[in-house]
Each structure stands twice: as structure tokens, then as C-alpha cells.
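Take a look at the structure set out below.
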Amino acid sequence: MIEKHLIATQVLCSHYDIEISFVDSLYNMGLIQIEMIEQDQFIHQDQISDIEKIIRLYYELNVNLEGIDVVFN
């Protein structure tokens, strides 16, 4: 069952203490993929390490989203 490998974005935001709008920005820039199931957003568990790196770059090192995009692409 594929849903076992998905994490709700609300759970992710709560765990890492980030805003859902930040996750939406990452998705809009193409840095992460979000899957919609019914009305809920989910992220595949394989993306967690990249999301953790992005969070560190953005919040701890103050790298803007465009800079993060350059680093990842």
C-alpha cells in the first residue's frame, strides 16, 4: 500500500515547526513533490532528507528560496 510511505504535510510542518506556506513555496518552485489524496497533501518519505536540508539552509543559514533552488538544481 503506497500510503504507508506518505507523510501528511500538516504533520511534517508540526514536527519541524514550519509554516504550511513554506512547504507550498517549495512545491511551487519545484523543490519537492506533493501528492494530493482526497483533500489532503502528502509528501513521500524519500523527500524528508532533502526537506531537512532545505529547512537548515533557509532558517539557520538564511539562504533564500532562489539560492536553495540553485543549490538543489
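Scheme for the C-alpha cells: letters A, B, ... for chains in order shown; per-chain residue numbers from 1; ligand numbers from 1 in order shown.
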
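Residues of chain A that DSSP places in strand (DSSP E or B), based on the backbone of this structure, are Leu6, Ile7, Ala8, Glu35, Met36, Ile37, Asp40, Gln41, Phe42, Ile43 and His44 of chain A.
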
Could you write out the selected residues, including N, CA, C and O atoms, as an mmCIF file, in the first residue's frame?
data_model
loop_
_atom_site.group_PDB
_atom_site.id
_atom_site.type_symbol
_atom_site.label_atom_id
_atom_site.label_comp_id
_atom_site.auth_asym_id
_atom_site.auth_seq_id
_atom_site.Cartn_x
_atom_site.Cartn_y
_atom_site.Cartn_z
ATOM 1 N N LEU A 6 3.804 7.812 2.714
ATOM 2 C CA LEU A 6 3.462 9.217 2.603
ATOM 3 C C LEU A 6 3.283 9.838 3.986
ATOM 4 O O LEU A 6 2.788 9.197 4.903
ATOM 5 N N ILE A 7 3.689 11.095 4.094
ATOM 6 C CA ILE A 7 3.562 11.833 5.343
ATOM 7 C C ILE A 7 2.726 13.070 5.055
ATOM 8 O O ILE A 7 3.009 13.812 4.102
ATOM 9 N N ALA A 8 1.727 13.305 5.867
ATOM 10 C CA ALA A 8 0.879 14.476 5.694
ATOM 11 C C ALA A 8 1.710 15.740 5.904
ATOM 12 O O ALA A 8 2.527 15.810 6.822
ATOM 13 N N GLU A 35 1.787 15.073 -3.144
ATOM 14 C CA GLU A 35 0.718 14.236 -3.674
ATOM 15 C C GLU A 35 -0.577 14.591 -2.964
ATOM 16 O O GLU A 35 -0.598 14.752 -1.749
ATOM 17 N N MET A 36 -1.622 14.726 -3.737
ATOM 18 C CA MET A 36 -2.941 15.022 -3.182
ATOM 19 C C MET A 36 -3.748 13.725 -3.124
ATOM 20 O O MET A 36 -3.861 13.021 -4.123
ATOM 21 N N ILE A 37 -4.267 13.417 -1.955
ATOM 22 C CA ILE A 37 -5.180 12.290 -1.785
ATOM 23 C C ILE A 37 -6.412 12.861 -1.111
ATOM 24 O O ILE A 37 -6.328 13.372 0.011
ATOM 25 N N ASP A 40 -6.222 16.184 1.066
ATOM 26 C CA ASP A 40 -5.039 16.312 1.910
ATOM 27 C C ASP A 40 -3.763 16.243 1.084
ATOM 28 O O ASP A 40 -3.687 15.537 0.090
ATOM 29 N N GLN A 41 -2.735 16.981 1.531
ATOM 30 C CA GLN A 41 -1.437 16.985 0.877
ATOM 31 C C GLN A 41 -0.487 16.042 1.607
ATOM 32 O O GLN A 41 -0.451 16.023 2.834
ATOM 33 N N PHE A 42 0.285 15.295 0.820
ATOM 34 C CA PHE A 42 1.245 14.350 1.389
ATOM 35 C C PHE A 42 2.581 14.483 0.681
ATOM 36 O O PHE A 42 2.652 14.833 -0.489
ATOM 37 N N ILE A 43 3.632 14.164 1.411
ATOM 38 C CA ILE A 43 4.985 14.157 0.883
ATOM 39 C C ILE A 43 5.543 12.765 1.072
ATOM 40 O O ILE A 43 5.375 12.149 2.127
ATOM 41 N N HIS A 44 6.227 12.246 0.048
ATOM 42 C CA HIS A 44 6.818 10.916 0.138
ATOM 43 C C HIS A 44 7.988 10.943 1.115
ATOM 44 O O HIS A 44 8.748 11.916 1.173
#

Original post:
Just asking: which residues within chain A are alpha helix (DSSP H) according to DSSP, as a PyMOL selection string?
Top reply: chain A and resi 9-16+20-28+48-55+65-72

Serialized selection, C-alpha atoms, as a PDB file, in the first residue's frame:
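Output file selection10.pdb follows:
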ATOM      1  CA  THR A   9       2.253  17.972   5.189  1.00  0.00           C
ATOM      2  CA  GLN A  10       0.451  19.130   8.337  1.00  0.00           C
ATOM      3  CA  VAL A  11       2.300  16.500  10.380  1.00  0.00           C
ATOM      4  CA  LEU A  12       5.586  17.483   8.743  1.00  0.00           C
ATOM      5  CA  CYS A  13       5.008  21.177   9.470  1.00  0.00           C
ATOM      6  CA  SER A  14       4.101  20.448  13.060  1.00  0.00           C
ATOM      7  CA  HIS A  15       7.166  18.243  13.574  1.00  0.00           C
ATOM      8  CA  TYR A  16       9.646  20.732  12.077  1.00  0.00           C
ATOM      9  CA  ILE A  20       2.436  25.221   5.502  1.00  0.00           C
ATOM     10  CA  SER A  21       3.057  28.192   3.216  1.00  0.00           C
ATOM     11  CA  PHE A  22       6.787  27.344   3.296  1.00  0.00           C
ATOM     12  CA  VAL A  23       6.015  23.822   2.044  1.00  0.00           C
ATOM     13  CA  ASP A  24       3.737  25.305  -0.618  1.00  0.00           C
ATOM     14  CA  SER A  25       6.565  27.610  -1.737  1.00  0.00           C
ATOM     15  CA  LEU A  26       8.923  24.641  -2.019  1.00  0.00           C
ATOM     16  CA  TYR A  27       6.350  22.839  -4.127  1.00  0.00           C
ATOM     17  CA  ASN A  28       5.720  25.867  -6.355  1.00  0.00           C
ATOM     18  CA  ILE A  48      12.425  14.062   4.067  1.00  0.00           C
ATOM     19  CA  SER A  49      16.225  14.320   3.974  1.00  0.00           C
ATOM     20  CA  ASP A  50      16.044  16.992   1.252  1.00  0.00           C
ATOM     21  CA  ILE A  51      13.387  18.879   3.203  1.00  0.00           C
ATOM     22  CA  GLU A  52      15.578  18.787   6.316  1.00  0.00           C
ATOM     23  CA  LYS A  53      18.492  20.219   4.305  1.00  0.00           C
ATOM     24  CA  ILE A  54      16.248  22.928   2.858  1.00  0.00           C
ATOM     25  CA  ILE A  55      14.959  23.848   6.324  1.00  0.00           C
ATOM     26  CA  LEU A  65      14.448  30.048  -1.802  1.00  0.00           C
ATOM     27  CA  GLU A  66      16.118  31.100  -5.055  1.00  0.00           C
ATOM     28  CA  GLY A  67      19.516  30.262  -3.552  1.00  0.00           C
ATOM     29  CA  ILE A  68      18.223  26.902  -2.366  1.00  0.00           C
ATOM     30  CA  ASP A  69      16.899  26.251  -5.869  1.00  0.00           C
ATOM     31  CA  VAL A  70      20.389  26.875  -7.262  1.00  0.00           C
ATOM     32  CA  VAL A  71      21.950  24.515  -4.717  1.00  0.00           C
ATOM     33  CA  PHE A  72      19.497  21.687  -5.454  1.00  0.00           C
TER      34      PHE A  72
END

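For the atom pair formed by CA of Asn73 in chain A and CA of Leu57 in chain A, the distance is 14.5 Å, given to one decimal.
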
Subject >> Between CA of Tyr58 in chain A and CA of Gln39 in chain A, distance in Å (one decimal) >> reply: 27.9 Å
